[in-house]
file protein11.pdb (PDB, C-alpha atoms, pLDDT in the B column)
ATOM      1  CA  MET A   1     -24.454 -21.559   2.660  1.00 72.00           C
ATOM      2  CA  ALA A   2     -27.967 -20.339   3.377  1.00 75.00           C
ATOM      3  CA  VAL A   3     -26.648 -18.524   6.454  1.00 81.00           C
ATOM      4  CA  ALA A   4     -24.044 -16.679   4.363  1.00 84.00           C
ATOM      5  CA  ASN A   5     -26.741 -15.543   1.948  1.00 85.00           C
ATOM      6  CA  LEU A   6     -28.940 -14.381   4.792  1.00 84.00           C
ATOM      7  CA  LEU A   7     -26.030 -12.365   6.178  1.00 86.00           C
ATOM      8  CA  LEU A   8     -25.370 -10.768   2.798  1.00 88.00           C
ATOM      9  CA  ARG A   9     -29.028  -9.886   2.394  1.00 87.00           C
ATOM     10  CA  THR A  10     -29.122  -8.332   5.849  1.00 87.00           C
ATOM     11  CA  ILE A  11     -26.046  -6.252   5.116  1.00 87.00           C
ATOM     12  CA  ALA A  12     -27.565  -5.146   1.810  1.00 86.00           C
ATOM     13  CA  GLU A  13     -31.034  -4.312   3.079  1.00 87.00           C
ATOM     14  CA  ASN A  14     -29.658  -1.967   5.741  1.00 86.00           C
ATOM     15  CA  SER A  15     -27.851   0.253   3.254  1.00 91.00           C
ATOM     16  CA  MET A  16     -28.303   2.004  -0.061  1.00 93.00           C
ATOM     17  CA  VAL A  17     -26.509  -0.792  -1.883  1.00 95.00           C
ATOM     18  CA  VAL A  18     -29.972  -2.258  -2.533  1.00 94.00           C
ATOM     19  CA  LEU A  19     -30.540   0.509  -5.051  1.00 95.00           C
ATOM     20  CA  LEU A  20     -27.398  -0.492  -6.938  1.00 96.00           C
ATOM     21  CA  GLN A  21     -28.540  -4.104  -6.841  1.00 95.00           C
ATOM     22  CA  GLY A  22     -31.729  -2.971  -8.516  1.00 95.00           C
ATOM     23  CA  LEU A  23     -29.651  -1.643 -11.417  1.00 96.00           C
ATOM     24  CA  GLN A  24     -29.103  -5.165 -12.759  1.00 96.00           C
ATOM     25  CA  GLY A  25     -29.526  -5.199 -16.500  1.00 96.00           C
ATOM     26  CA  GLU A  26     -29.171  -1.424 -16.836  1.00 97.00           C
ATOM     27  CA  VAL A  27     -26.348   0.329 -18.636  1.00 97.00           C
ATOM     28  CA  THR A  28     -24.584   2.742 -16.294  1.00 97.00           C
ATOM     29  CA  THR A  29     -21.305   4.537 -15.800  1.00 98.00           C
ATOM     30  CA  VAL A  30     -19.206   3.775 -12.728  1.00 98.00           C
ATOM     31  CA  ASP A  31     -16.590   6.361 -11.745  1.00 98.00           C
ATOM     32  CA  LEU A  32     -13.693   4.660 -10.014  1.00 98.00           C
ATOM     33  CA  ARG A  33     -11.466   5.997  -7.262  1.00 97.00           C
ATOM     34  CA  ASN A  34      -8.505   6.010  -9.609  1.00 96.00           C
ATOM     35  CA  GLU A  35     -10.153   8.653 -11.842  1.00 95.00           C
ATOM     36  CA  SER A  36     -11.083   6.119 -14.537  1.00 97.00           C
ATOM     37  CA  THR A  37     -14.629   5.343 -15.663  1.00 98.00           C
ATOM     38  CA  ALA A  38     -16.356   2.173 -16.809  1.00 98.00           C
ATOM     39  CA  ARG A  39     -19.597   2.228 -18.793  1.00 98.00           C
ATOM     40  CA  GLY A  40     -21.410  -1.066 -19.262  1.00 98.00           C
ATOM     41  CA  ARG A  41     -24.358  -3.266 -18.394  1.00 98.00           C
ATOM     42  CA  VAL A  42     -24.671  -4.173 -14.710  1.00 98.00           C
ATOM     43  CA  VAL A  43     -24.475  -7.936 -14.282  1.00 98.00           C
ATOM     44  CA  ASN A  44     -24.437  -7.974 -10.495  1.00 96.00           C
ATOM     45  CA  VAL A  45     -23.800  -5.839  -7.436  1.00 97.00           C
ATOM     46  CA  ASP A  46     -23.198  -7.518  -4.081  1.00 94.00           C
ATOM     47  CA  ALA A  47     -23.627  -6.349  -0.498  1.00 94.00           C
ATOM     48  CA  PHE A  48     -20.106  -4.899  -0.465  1.00 96.00           C
ATOM     49  CA  MET A  49     -20.765  -2.848  -3.608  1.00 97.00           C
ATOM     50  CA  ASN A  50     -18.502  -5.097  -5.715  1.00 97.00           C
ATOM     51  CA  VAL A  51     -19.756  -4.601  -9.288  1.00 98.00           C
ATOM     52  CA  ARG A  52     -19.694  -6.911 -12.317  1.00 98.00           C
ATOM     53  CA  LEU A  53     -20.161  -5.138 -15.631  1.00 98.00           C
ATOM     54  CA  GLU A  54     -20.354  -6.597 -19.122  1.00 98.00           C
ATOM     55  CA  ASP A  55     -19.809  -5.081 -22.556  1.00 98.00           C
ATOM     56  CA  VAL A  56     -17.744  -2.321 -21.055  1.00 98.00           C
ATOM     57  CA  LEU A  57     -16.157   0.823 -22.402  1.00 98.00           C
ATOM     58  CA  TYR A  58     -13.331   1.547 -19.955  1.00 98.00           C
ATOM     59  CA  ARG A  59     -11.733   4.970 -20.004  1.00 98.00           C
ATOM     60  CA  ASP A  60      -8.506   5.300 -18.029  1.00 97.00           C
ATOM     61  CA  ARG A  61      -7.443   8.508 -16.266  1.00 95.00           C
ATOM     62  CA  ARG A  62      -5.682   9.712 -19.388  1.00 96.00           C
ATOM     63  CA  GLY A  63      -8.780   9.212 -21.519  1.00 96.00           C
ATOM     64  CA  LYS A  64      -7.616   6.075 -23.305  1.00 97.00           C
ATOM     65  CA  LEU A  65     -10.533   3.818 -24.235  1.00 98.00           C
ATOM     66  CA  THR A  66     -10.559   0.029 -23.961  1.00 98.00           C
ATOM     67  CA  ARG A  67     -13.371  -2.415 -24.718  1.00 98.00           C
ATOM     68  CA  LEU A  68     -13.805  -5.133 -22.129  1.00 98.00           C
ATOM     69  CA  GLN A  69     -16.234  -7.990 -22.199  1.00 98.00           C
ATOM     70  CA  ASP A  70     -16.287  -8.466 -18.454  1.00 97.00           C
ATOM     71  CA  LEU A  71     -15.173  -6.170 -15.654  1.00 98.00           C
ATOM     72  CA  PHE A  72     -15.142  -6.747 -11.903  1.00 98.00           C
ATOM     73  CA  ILE A  73     -14.812  -3.652  -9.731  1.00 98.00           C
ATOM     74  CA  THR A  74     -14.144  -4.002  -6.000  1.00 98.00           C
ATOM     75  CA  GLY A  75     -16.603  -2.023  -3.898  1.00 97.00           C
ATOM     76  CA  ARG A  76     -13.814   0.027  -2.334  1.00 97.00           C
ATOM     77  CA  ASN A  77     -12.839   1.340  -5.738  1.00 98.00           C
ATOM     78  CA  VAL A  78     -16.245   2.782  -6.543  1.00 98.00           C
ATOM     79  CA  ARG A  79     -16.518   6.566  -6.279  1.00 98.00           C
ATOM     80  CA  TYR A  80     -19.812   7.233  -8.121  1.00 98.00           C
ATOM     81  CA  VAL A  81     -22.467   5.280  -9.957  1.00 98.00           C
ATOM     82  CA  HIS A  82     -24.482   7.254 -12.489  1.00 98.00           C
ATOM     83  CA  ILE A  83     -28.153   6.381 -12.152  1.00 97.00           C
ATOM     84  CA  PRO A  84     -30.018   6.176 -15.489  1.00 95.00           C
ATOM     85  CA  ASP A  85     -32.499   9.024 -15.961  1.00 91.00           C
ATOM     86  CA  HIS A  86     -35.514   6.753 -16.392  1.00 93.00           C
ATOM     87  CA  MET A  87     -35.097   4.949 -13.078  1.00 93.00           C
ATOM     88  CA  ASP A  88     -37.659   5.317 -10.311  1.00 93.00           C
ATOM     89  CA  ILE A  89     -35.453   5.155  -7.240  1.00 91.00           C
ATOM     90  CA  MET A  90     -38.104   4.581  -4.579  1.00 90.00           C
ATOM     91  CA  LYS A  91     -39.785   1.869  -6.619  1.00 93.00           C
ATOM     92  CA  THR A  92     -36.473   0.104  -7.242  1.00 94.00           C
ATOM     93  CA  ILE A  93     -35.526   0.151  -3.557  1.00 92.00           C
ATOM     94  CA  GLN A  94     -38.960  -1.086  -2.515  1.00 92.00           C
ATOM     95  CA  SER A  95     -38.978  -3.943  -5.000  1.00 92.00           C
ATOM     96  CA  GLN A  96     -35.454  -4.976  -3.938  1.00 91.00           C
ATOM     97  CA  LEU A  97     -36.488  -5.028  -0.266  1.00 90.00           C
ATOM     98  CA  ALA A  98     -39.618  -6.990  -1.167  1.00 90.00           C
ATOM     99  CA  LYS A  99     -37.444  -9.610  -2.887  1.00 87.00           C
ATOM    100  CA  ILE A 100     -35.307  -9.938   0.231  1.00 83.00           C
ATOM    101  CA  HIS A 101     -38.286 -10.394   2.510  1.00 83.00           C
ATOM    102  CA  ARG A 102     -39.916 -12.901   0.180  1.00 81.00           C
ATOM    103  CA  VAL A 103     -36.783 -15.050   0.235  1.00 72.00           C
ATOM    104  CA  ARG A 104     -36.447 -14.778   3.982  1.00 69.00           C
ATOM    105  CA  ASN A 105     -40.009 -15.970   4.539  1.00 71.00           C
ATOM    106  CA  PHE A 106     -39.570 -18.804   2.077  1.00 68.00           C
ATOM    107  CA  ALA A 107     -36.364 -20.019   3.716  1.00 60.00           C
ATOM    108  CA  SER A 108     -37.622 -20.338   7.265  1.00 58.00           C
ATOM    109  CA  HIS A 109     -39.731 -23.280   8.394  1.00 58.00           C
ATOM    110  CA  GLY A 110     -42.810 -22.673  10.494  1.00 57.00           C
ATOM    111  CA  GLY A 111     -43.739 -19.349   8.976  1.00 55.00           C
ATOM    112  CA  GLY A 112     -40.857 -17.184  10.193  1.00 53.00           C
ATOM    113  CA  ARG A 113     -41.431 -13.554  11.092  1.00 58.00           C
ATOM    114  CA  LYS A 114     -45.031 -12.567  10.822  1.00 58.00           C
ATOM    115  CA  GLU A 115     -44.510  -8.809  10.268  1.00 61.00           C
ATOM    116  CA  TYR A 116     -43.937  -9.231   6.551  1.00 55.00           C
ATOM    117  CA  SER A 117     -46.639 -11.281   4.860  1.00 52.00           C
ATOM    118  CA  LYS A 118     -45.903 -13.358   1.758  1.00 51.00           C
ATOM    119  CA  LYS A 119     -46.318 -11.446  -1.481  1.00 49.00           C
ATOM    120  CA  LYS A 120     -48.468 -13.040  -4.161  1.00 44.00           C
TER     121      LYS A 120
ATOM    122  CA  PRO B   1     -46.398  -4.258   2.602  1.00 46.00           C
ATOM    123  CA  MET B   2     -43.456  -1.865   2.511  1.00 46.00           C
ATOM    124  CA  ASP B   3     -44.268   1.691   1.627  1.00 45.00           C
ATOM    125  CA  ALA B   4     -42.440   4.968   1.558  1.00 45.00           C
ATOM    126  CA  VAL B   5     -43.313   5.806   5.174  1.00 45.00           C
ATOM    127  CA  ASP B   6     -41.839   2.553   6.484  1.00 46.00           C
ATOM    128  CA  PHE B   7     -38.662   3.148   4.569  1.00 49.00           C
ATOM    129  CA  CYS B   8     -38.071   6.759   5.646  1.00 51.00           C
ATOM    130  CA  CYS B   9     -37.279   7.576   9.273  1.00 51.00           C
ATOM    131  CA  CYS B  10     -40.359   8.637  11.223  1.00 58.00           C
ATOM    132  CA  THR B  11     -38.924  10.397  14.259  1.00 64.00           C
ATOM    133  CA  ASN B  12     -38.740  14.186  14.402  1.00 68.00           C
ATOM    134  CA  THR B  13     -36.163  14.539  17.172  1.00 73.00           C
ATOM    135  CA  VAL B  14     -32.488  15.041  16.485  1.00 74.00           C
ATOM    136  CA  GLU B  15     -30.611  12.414  18.437  1.00 81.00           C
ATOM    137  CA  GLU B  16     -27.398  11.757  16.568  1.00 88.00           C
ATOM    138  CA  PRO B  17     -25.269  13.465  13.907  1.00 89.00           C
ATOM    139  CA  LEU B  18     -26.924  11.475  11.106  1.00 91.00           C
ATOM    140  CA  ASP B  19     -30.233  13.041  12.111  1.00 90.00           C
ATOM    141  CA  LEU B  20     -28.855  16.409  11.021  1.00 89.00           C
ATOM    142  CA  ILE B  21     -28.417  14.974   7.546  1.00 93.00           C
ATOM    143  CA  ARG B  22     -31.982  13.678   7.675  1.00 92.00           C
ATOM    144  CA  LEU B  23     -33.124  17.289   8.096  1.00 91.00           C
ATOM    145  CA  SER B  24     -31.575  18.020   4.685  1.00 93.00           C
ATOM    146  CA  LEU B  25     -33.509  15.341   2.795  1.00 94.00           C
ATOM    147  CA  ASP B  26     -34.944  16.738  -0.417  1.00 94.00           C
ATOM    148  CA  GLU B  27     -32.953  19.930   0.086  1.00 95.00           C
ATOM    149  CA  ARG B  28     -29.941  21.081  -1.853  1.00 96.00           C
ATOM    150  CA  ILE B  29     -26.707  20.338   0.010  1.00 97.00           C
ATOM    151  CA  TYR B  30     -22.986  20.841  -0.274  1.00 97.00           C
ATOM    152  CA  VAL B  31     -20.752  17.788   0.039  1.00 97.00           C
ATOM    153  CA  LYS B  32     -16.989  18.018   0.452  1.00 97.00           C
ATOM    154  CA  MET B  33     -15.282  14.878  -0.765  1.00 98.00           C
ATOM    155  CA  ARG B  34     -11.767  13.467  -0.690  1.00 97.00           C
ATOM    156  CA  ASN B  35      -9.372  14.285  -3.511  1.00 95.00           C
ATOM    157  CA  ASP B  36     -10.363  17.970  -3.714  1.00 96.00           C
ATOM    158  CA  ARG B  37     -13.873  17.331  -4.961  1.00 97.00           C
ATOM    159  CA  GLU B  38     -17.087  19.060  -4.062  1.00 97.00           C
ATOM    160  CA  LEU B  39     -20.651  18.205  -4.920  1.00 97.00           C
ATOM    161  CA  ARG B  40     -23.716  20.402  -4.889  1.00 97.00           C
ATOM    162  CA  GLY B  41     -27.014  18.663  -5.405  1.00 97.00           C
ATOM    163  CA  ARG B  42     -30.399  17.659  -4.021  1.00 97.00           C
ATOM    164  CA  LEU B  43     -30.229  14.946  -1.369  1.00 97.00           C
ATOM    165  CA  HIS B  44     -32.691  12.184  -2.221  1.00 96.00           C
ATOM    166  CA  ALA B  45     -31.436   9.406   0.067  1.00 95.00           C
ATOM    167  CA  TYR B  46     -28.581   8.416   2.333  1.00 95.00           C
ATOM    168  CA  ASP B  47     -27.559   5.631   4.693  1.00 95.00           C
ATOM    169  CA  GLN B  48     -25.351   5.135   7.746  1.00 94.00           C
ATOM    170  CA  HIS B  49     -22.235   4.817   5.578  1.00 96.00           C
ATOM    171  CA  LEU B  50     -23.077   8.194   4.032  1.00 97.00           C
ATOM    172  CA  ASN B  51     -23.701   6.532   0.687  1.00 97.00           C
ATOM    173  CA  MET B  52     -25.972   9.119  -0.929  1.00 97.00           C
ATOM    174  CA  ILE B  53     -28.221   9.644  -3.887  1.00 97.00           C
ATOM    175  CA  LEU B  54     -27.919  13.170  -5.182  1.00 97.00           C
ATOM    176  CA  GLY B  55     -30.041  14.685  -7.937  1.00 96.00           C
ATOM    177  CA  ASP B  56     -29.153  17.552 -10.257  1.00 96.00           C
ATOM    178  CA  VAL B  57     -25.516  17.442  -9.187  1.00 98.00           C
ATOM    179  CA  GLU B  58     -22.676  19.793  -9.960  1.00 97.00           C
ATOM    180  CA  GLU B  59     -19.249  18.267  -9.268  1.00 98.00           C
ATOM    181  CA  THR B  60     -16.271  20.594  -8.860  1.00 97.00           C
ATOM    182  CA  VAL B  61     -12.744  19.177  -9.051  1.00 97.00           C
ATOM    183  CA  THR B  62      -9.997  21.569  -7.946  1.00 96.00           C
ATOM    184  CA  THR B  63      -6.388  21.224  -9.024  1.00 93.00           C
ATOM    185  CA  VAL B  64      -3.289  23.237  -8.165  1.00 91.00           C
ATOM    186  CA  GLU B  65      -0.602  23.909 -10.687  1.00 90.00           C
ATOM    187  CA  ILE B  66       2.694  25.452  -9.697  1.00 90.00           C
ATOM    188  CA  ASP B  67       4.252  27.838 -12.203  1.00 89.00           C
ATOM    189  CA  GLU B  68       7.787  26.611 -12.760  1.00 89.00           C
ATOM    190  CA  GLU B  69       9.317  30.079 -12.901  1.00 91.00           C
ATOM    191  CA  THR B  70       7.309  32.197 -10.497  1.00 91.00           C
ATOM    192  CA  TYR B  71       6.311  29.310  -8.193  1.00 90.00           C
ATOM    193  CA  GLU B  72       2.831  30.814  -8.202  1.00 91.00           C
ATOM    194  CA  GLU B  73       0.015  28.511  -7.218  1.00 91.00           C
ATOM    195  CA  LEU B  74      -2.597  28.372  -9.944  1.00 91.00           C
ATOM    196  CA  TYR B  75      -5.947  26.985  -8.743  1.00 92.00           C
ATOM    197  CA  LYS B  76      -8.084  25.504 -11.481  1.00 93.00           C
ATOM    198  CA  SER B  77     -11.510  23.991 -11.057  1.00 94.00           C
ATOM    199  CA  THR B  78     -13.389  21.745 -13.473  1.00 95.00           C
ATOM    200  CA  LYS B  79     -17.139  21.406 -13.185  1.00 97.00           C
ATOM    201  CA  ARG B  80     -19.551  18.907 -14.613  1.00 96.00           C
ATOM    202  CA  ASN B  81     -23.256  18.211 -14.219  1.00 98.00           C
ATOM    203  CA  ILE B  82     -24.842  14.822 -13.594  1.00 97.00           C
ATOM    204  CA  PRO B  83     -28.636  14.334 -13.356  1.00 97.00           C
ATOM    205  CA  MET B  84     -28.649  11.521 -10.763  1.00 97.00           C
ATOM    206  CA  LEU B  85     -25.641  10.210  -8.879  1.00 97.00           C
ATOM    207  CA  PHE B  86     -25.002   7.475  -6.326  1.00 98.00           C
ATOM    208  CA  VAL B  87     -22.070   8.499  -4.131  1.00 98.00           C
ATOM    209  CA  ARG B  88     -20.107   5.943  -2.121  1.00 98.00           C
ATOM    210  CA  GLY B  89     -19.917   7.087   1.471  1.00 97.00           C
ATOM    211  CA  ASP B  90     -16.235   6.477   2.128  1.00 96.00           C
ATOM    212  CA  GLY B  91     -15.361   9.414  -0.127  1.00 97.00           C
ATOM    213  CA  VAL B  92     -17.476  11.879   1.832  1.00 98.00           C
ATOM    214  CA  VAL B  93     -15.682  14.308   4.169  1.00 97.00           C
ATOM    215  CA  LEU B  94     -18.512  16.616   5.182  1.00 95.00           C
ATOM    216  CA  VAL B  95     -22.134  17.447   4.407  1.00 96.00           C
ATOM    217  CA  ALA B  96     -23.547  20.950   4.849  1.00 93.00           C
ATOM    218  CA  PRO B  97     -26.301  23.257   3.612  1.00 85.00           C
ATOM    219  CA  PRO B  98     -25.204  24.968   0.377  1.00 81.00           C
ATOM    220  CA  LEU B  99     -22.628  27.699   1.005  1.00 68.00           C
ATOM    221  CA  ARG B 100     -24.257  31.091   0.839  1.00 61.00           C
ATOM    222  CA  VAL B 101     -22.452  34.176  -0.448  1.00 55.00           C
ATOM    223  CA  GLY B 102     -22.700  37.405   1.616  1.00 44.00           C
TER     224      GLY B 102
END

call {"tool": "encode", "arguments": {"input": "protein11.pdb", "output": "structure tokens"}}
result
Amino acid sequence: MAVANLLLRTIAENSMVVLLQGLQGEVTTVDLRNESTARGRVVNVDAFMNVRLEDVLYRDRRGKLTRLQDLFITGRNVRYVHIPDHMDIMKTIQSQLAKIHRVRNFASHGGGRKEYSKKK
Amino acid sequence: PMDAVDFCCCTNTVEEPLDLIRLSLDERIYVKMRNDRELRGRLHAYDQHLNMILGDVEETVTTVEIDEETYEELYKSTKRNIPMLFVRGDGVVLVAPPLRVG
């Protein structure tokens, strides 16, 4: 199980998905491939860009609105994610990468890789 | 500790096609996307999948309507502006400097 998580973290840290993972807790709009949009609070984004949203206003391609408590969007179906104006992108990416490296150091016995020192 | 320099690529040589995109970082670019969409915006970040962060974006969606009687093709385009956009790379067809007129 730990190996699967390590793999997912490695996939995530080598792409821009880490920024989306840093959007947890924020309210954003996701434009889907099928021309619909979903606006809600980001619960989770995984390494494959699968997105869980809560408290969602879903607008289908015709403009019809539906309220959904929980929405799971497969990564393949994401076209755009609107980034909230107040977000500092560099800071978010850096803090996400720091989290990944902290976990990696914690998980390995004997100190692990020495390039990244433990954060206080 | 990670800092901006570690995160951004440090080499100045152009070795592969993605390096050409690196040259456009922080510049305005033109992106042609699938489904007759185009984006014009400032490139803030990208990755090997061509996932991109674009700032100050104008999206243009082009549709074609055929007149039922004259069979004329009517091209319509809808634009909208988005301050900061994450674009999933699998929708990207091409990336270029903004098209210049004349």

call {"tool": "closest_atom_pairs", "arguments": {"input": "protein11.pdb", "of": "chain B", "to": "chain A", "cutoff": "12 Å", "atoms": "all atoms listed in the file", "output": "JSON lines"}}
result
{"residue": "B:Pro1", "atom": "CA", "partner": "A:Tyr116", "partner_atom": "CA", "distance": 6.8}
{"residue": "B:Met2", "atom": "CA", "partner": "A:Gln94", "partner_atom": "CA", "distance": 6.8}
{"residue": "B:Asp3", "atom": "CA", "partner": "A:Gln94", "partner_atom": "CA", "distance": 7.3}
{"residue": "B:Ala4", "atom": "CA", "partner": "A:Met90", "partner_atom": "CA", "distance": 7.5}
{"residue": "B:Val5", "atom": "CA", "partner": "A:Met90", "partner_atom": "CA", "distance": 11.1}
{"residue": "B:Asp6", "atom": "CA", "partner": "A:Gln94", "partner_atom": "CA", "distance": 10.1}
{"residue": "B:Phe7", "atom": "CA", "partner": "A:Gln94", "partner_atom": "CA", "distance": 8.3}
{"residue": "B:Cys8", "atom": "CA", "partner": "A:Met90", "partner_atom": "CA", "distance": 10.5}
{"residue": "B:Met33", "atom": "CA", "partner": "A:Arg79", "partner_atom": "CA", "distance": 10.1}
{"residue": "B:Arg34", "atom": "CA", "partner": "A:Arg33", "partner_atom": "CA", "distance": 10.0}
{"residue": "B:Asn35", "atom": "CA", "partner": "A:Arg33", "partner_atom": "CA", "distance": 9.3}
{"residue": "B:Arg37", "atom": "CA", "partner": "A:Arg79", "partner_atom": "CA", "distance": 11.2}
{"residue": "B:Leu39", "atom": "CA", "partner": "A:Tyr80", "partner_atom": "CA", "distance": 11.5}
{"residue": "B:His44", "atom": "CA", "partner": "A:Ile89", "partner_atom": "CA", "distance": 9.1}
{"residue": "B:Ala45", "atom": "CA", "partner": "A:Met16", "partner_atom": "CA", "distance": 8.0}
{"residue": "B:Tyr46", "atom": "CA", "partner": "A:Met16", "partner_atom": "CA", "distance": 6.8}
{"residue": "B:Asp47", "atom": "CA", "partner": "A:Ser15", "partner_atom": "CA", "distance": 5.6}
{"residue": "B:Gln48", "atom": "CA", "partner": "A:Ser15", "partner_atom": "CA", "distance": 7.1}
{"residue": "B:His49", "atom": "CA", "partner": "A:Ser15", "partner_atom": "CA", "distance": 7.6}
{"residue": "B:Leu50", "atom": "CA", "partner": "A:Met16", "partner_atom": "CA", "distance": 9.1}
{"residue": "B:Asn51", "atom": "CA", "partner": "A:Met16", "partner_atom": "CA", "distance": 6.5}
{"residue": "B:Met52", "atom": "CA", "partner": "A:Met16", "partner_atom": "CA", "distance": 7.5}
{"residue": "B:Ile53", "atom": "CA", "partner": "A:Met16", "partner_atom": "CA", "distance": 8.5}
{"residue": "B:Leu54", "atom": "CA", "partner": "A:Ile83", "partner_atom": "CA", "distance": 9.7}
{"residue": "B:Gly55", "atom": "CA", "partner": "A:Ile83", "partner_atom": "CA", "distance": 9.5}
{"residue": "B:Asp56", "atom": "CA", "partner": "A:Asp85", "partner_atom": "CA", "distance": 10.8}
{"residue": "B:Val57", "atom": "CA", "partner": "A:His82", "partner_atom": "CA", "distance": 10.8}
{"residue": "B:Glu59", "atom": "CA", "partner": "A:Tyr80", "partner_atom": "CA", "distance": 11.1}
{"residue": "B:Val61", "atom": "CA", "partner": "A:Glu35", "partner_atom": "CA", "distance": 11.2}
{"residue": "B:Asn81", "atom": "CA", "partner": "A:His82", "partner_atom": "CA", "distance": 11.2}
{"residue": "B:Ile82", "atom": "CA", "partner": "A:His82", "partner_atom": "CA", "distance": 7.7}
{"residue": "B:Pro83", "atom": "CA", "partner": "A:Asp85", "partner_atom": "CA", "distance": 7.1}
{"residue": "B:Met84", "atom": "CA", "partner": "A:Ile83", "partner_atom": "CA", "distance": 5.3}
{"residue": "B:Leu85", "atom": "CA", "partner": "A:His82", "partner_atom": "CA", "distance": 4.8}
{"residue": "B:Phe86", "atom": "CA", "partner": "A:Val81", "partner_atom": "CA", "distance": 4.9}
{"residue": "B:Val87", "atom": "CA", "partner": "A:Tyr80", "partner_atom": "CA", "distance": 4.8}
{"residue": "B:Arg88", "atom": "CA", "partner": "A:Arg79", "partner_atom": "CA", "distance": 5.5}
{"residue": "B:Gly89", "atom": "CA", "partner": "A:Arg79", "partner_atom": "CA", "distance": 8.5}
{"residue": "B:Asp90", "atom": "CA", "partner": "A:Arg76", "partner_atom": "CA", "distance": 8.2}
{"residue": "B:Gly91", "atom": "CA", "partner": "A:Arg79", "partner_atom": "CA", "distance": 6.9}
{"residue": "B:Val92", "atom": "CA", "partner": "A:Arg79", "partner_atom": "CA", "distance": 9.7}

call {"tool": "atom_distance", "arguments": {"input": "protein11.pdb", "atom1": "atom CA of Thr13 of chain B", "atom2": "atom CA of Ile29 of chain B"}}
result
20.4 Å

call {"tool": "resolve_selection", "arguments": {"input": "protein11.pdb", "expression": "the PyMOL selection byres ((chain A and resi 60) around 9)", "output": "number ranges by chain"}}
result
A: 34-38, 58-59, 61-66

call {"tool": "axis_aligned_box", "arguments": {"input": "protein11.pdb", "around": "segment 74-91 of chain A", "padding_each_side": "8 Å", "output": "lines of an AutoDock Vina configuration file"}}
result
center_x = -26.3
center_y = 2.5
center_z = -9.4
size_x = 42.9
size_y = 29.0
size_z = 30.1

call {"tool": "resolve_selection", "arguments": {"input": "protein11.pdb", "expression": "the PyMOL selection byres ((chain B and resi 63) around 7)", "output": "ChimeraX atom specification"}}
result
/B:61-62,64-65,75-77

call {"tool": "atom_distance", "arguments": {"input": "protein11.pdb", "atom1": "atom CA of Phe48 of chain A", "atom2": "atom CA of Val3 of chain A"}}
result
16.6 Å

call {"tool": "resolve_selection", "arguments": {"input": "protein11.pdb", "expression": "the PyMOL selection byres ((chain B and resi 94) around 9)", "output": "CSV table (one decimal) with C-alpha atoms, keeping the file's coordinate frame"}}
result
chain,number,residue,atom,x,y,z
B,30,TYR,CA,-23.0,20.8,-0.3
B,31,VAL,CA,-20.8,17.8,0.0
B,32,LYS,CA,-17.0,18.0,0.5
B,33,MET,CA,-15.3,14.9,-0.8
B,92,VAL,CA,-17.5,11.9,1.8
B,93,VAL,CA,-15.7,14.3,4.2
B,95,VAL,CA,-22.1,17.4,4.4
B,96,ALA,CA,-23.5,21.0,4.8

call {"tool": "atom_distance", "arguments": {"input": "protein11.pdb", "atom1": "atom CA of Gly22 of chain A", "atom2": "atom CA of Leu68 of chain A"}}
result
22.6 Å

call {"tool": "residues_near_point", "arguments": {"input": "protein11.pdb", "point": "(-18.8, -11.0, -22.0)", "cutoff": "12 Å", "atoms": "all atoms listed in the file", "output": "PDB file with C-alpha atoms, keeping the file's coordinate frame"}}
result
ATOM      1  CA  GLY A  40     -21.410  -1.066 -19.262  1.00 98.00           C
ATOM      2  CA  ARG A  41     -24.358  -3.266 -18.394  1.00 98.00           C
ATOM      3  CA  VAL A  42     -24.671  -4.173 -14.710  1.00 98.00           C
ATOM      4  CA  VAL A  43     -24.475  -7.936 -14.282  1.00 98.00           C
ATOM      5  CA  ARG A  52     -19.694  -6.911 -12.317  1.00 98.00           C
ATOM      6  CA  LEU A  53     -20.161  -5.138 -15.631  1.00 98.00           C
ATOM      7  CA  GLU A  54     -20.354  -6.597 -19.122  1.00 98.00           C
ATOM      8  CA  ASP A  55     -19.809  -5.081 -22.556  1.00 98.00           C
ATOM      9  CA  VAL A  56     -17.744  -2.321 -21.055  1.00 98.00           C
ATOM     10  CA  ARG A  67     -13.371  -2.415 -24.718  1.00 98.00           C
ATOM     11  CA  LEU A  68     -13.805  -5.133 -22.129  1.00 98.00           C
ATOM     12  CA  GLN A  69     -16.234  -7.990 -22.199  1.00 98.00           C
ATOM     13  CA  ASP A  70     -16.287  -8.466 -18.454  1.00 97.00           C
ATOM     14  CA  LEU A  71     -15.173  -6.170 -15.654  1.00 98.00           C
ATOM     15  CA  PHE A  72     -15.142  -6.747 -11.903  1.00 98.00           C
TER      16      PHE A  72
END
